[in-house]
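Down below is the structure, laid out as structure tokens.
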Amino acid sequence: MKQPQLNGAYYGPPIPPQHNYRSVGRSSGCGPCCLFCTLFKFILSIVIILGIVVLVVWLVLRPSQIKVHATSATLKQFTLSNGSLDYDLDVNMSIRNPNRRIGLYYDYIEAQAYYDDSRFGFDNSLQTFYQGHKNTSYIEPVFKGKNALVGDSITSTYNKEKSDGYYNIEVKLRPKLRMKIWIFKIKHIKPKISCDLKVPVPGTSGSFKETKCDVDY
């Protein structure tokens, strides 16, 4: 027999409801490993940003170290007797700031004089000053007095160099600097400056040659 019309409706077995299943032992939250990865990415981002900032600042400023020369050195007295040195030494020095955007404050300068690795002179009366961009300044340390020298080779070195006509004297500068970048002033830096000088023996016809000094930050 023909089935009666059902008015387009479908009558069949009921459709079971959908269920969300969760794996046993798993959590939907972020665990320690996830937190560590997030923290690592954050720190890495900060480091990269700081690196880019430093690189940009360096490219803009292009910092260069100061250039120091001993332009003249004169000995009026340099006599060694019984281990004591009677000395009178004048040195003229130029300091060049080659930077276009960095100024330098020389807040303190001391000069030391050495002979055969033994210090005999000291001058901390040098004037402080500000040095502008691409500027050359001059200082004149003076060493005068009498001092005992320690060392077994002092006498032999002195006699040999006296006969050669030149004394090998080392002059060291120990300045305290602050850098001025725009309106900012950076804390003290203390470069070590060493000048190995060949100074003519007093009363001889020798002449001093301008000497470039080593600068170490």
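Every chain in the structure tokens has a letter given in the order shown (A, B, ...), and although residue numbers restart at 1 in each chain, ligands are simply numbered from 1 in the order shown.
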
Inset, instruction - With a distance cut-off of 9 Å and only C-alpha atoms, select the neighbouring residues of A:Cys195, excluding the residue or stretch itself and same-chain residues fewer than 4 positions from it, and output the selection as an NGL selection string. - result: :A and (68-70 or 169-173 or 211-214)

Legend entry - One-decimal distance in Å that lies between atom CA of A:Ile102 and atom CA of A:Val53: 17.7 Å

Inset, instruction - Please indicate the distance in Å from atom CA of A:Leu177 to atom CA of A:Gly121, rounded to one decimal place. - result: 22.6 Å

Legend entry - Option closest in space to A:Pro175, from A:Gln112, A:Pro200, A:Tyr217, A:Asp107 [counting only C-alpha atoms]: A:Asp107

Inset, instruction - Rank nothing, just name the residue among A:Lys76, A:Lys176, A:Arg100, A:His133 nearest to A:Gly203, using only C-alpha atoms. - result: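 For A:Gly203, the nearest of the given residues is A:Lys76.
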
Near A:Lys185, within 10 Å and counting only C-alpha atoms, which residues show up once chain neighbours fewer than 2 positions away are dropped, as an mmCIF file with C-alpha atoms, in the first residue's frame?
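Written output follows (selection-v5.cif):
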data_model
loop_
_atom_site.group_PDB
_atom_site.id
_atom_site.type_symbol
_atom_site.label_atom_id
_atom_site.label_comp_id
_atom_site.auth_asym_id
_atom_site.auth_seq_id
_atom_site.Cartn_x
_atom_site.Cartn_y
_atom_site.Cartn_z
ATOM 1 C CA ILE A 102 81.540 65.131 21.235
ATOM 2 C CA GLY A 103 83.037 67.720 23.560
ATOM 3 C CA LEU A 104 85.423 66.842 26.391
ATOM 4 C CA TYR A 105 85.741 68.168 29.932
ATOM 5 C CA ARG A 178 83.712 63.672 30.818
ATOM 6 C CA MET A 179 82.137 63.509 27.382
ATOM 7 C CA LYS A 180 79.498 66.039 26.376
ATOM 8 C CA ILE A 181 77.033 64.741 23.778
ATOM 9 C CA TRP A 182 74.394 67.352 22.945
ATOM 10 C CA ILE A 183 73.121 68.342 26.400
ATOM 11 C CA LYS A 187 80.577 60.187 33.749
ATOM 12 C CA HIS A 188 84.366 60.127 34.076
#

Inset, instruction - Go ahead and compute the interatomic distance for atom CA of A:Leu89 and atom CA of A:Asp216, in Å to one decimal. - result: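 Computed distance, atom CA of A:Leu89 to atom CA of A:Asp216, equals 24.4 Å.
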
Inset, instruction - Go through A:Asp117, A:Asp86, A:Asp123, A:Glu161 one by one, measure the shortest atom-to-atom distance of each to A:Pro141 using only C-alpha atoms, and give the residue with the smallest value. - result: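 Looking only at the distances to A:Pro141, the closest residue turns out to be A:Asp123.
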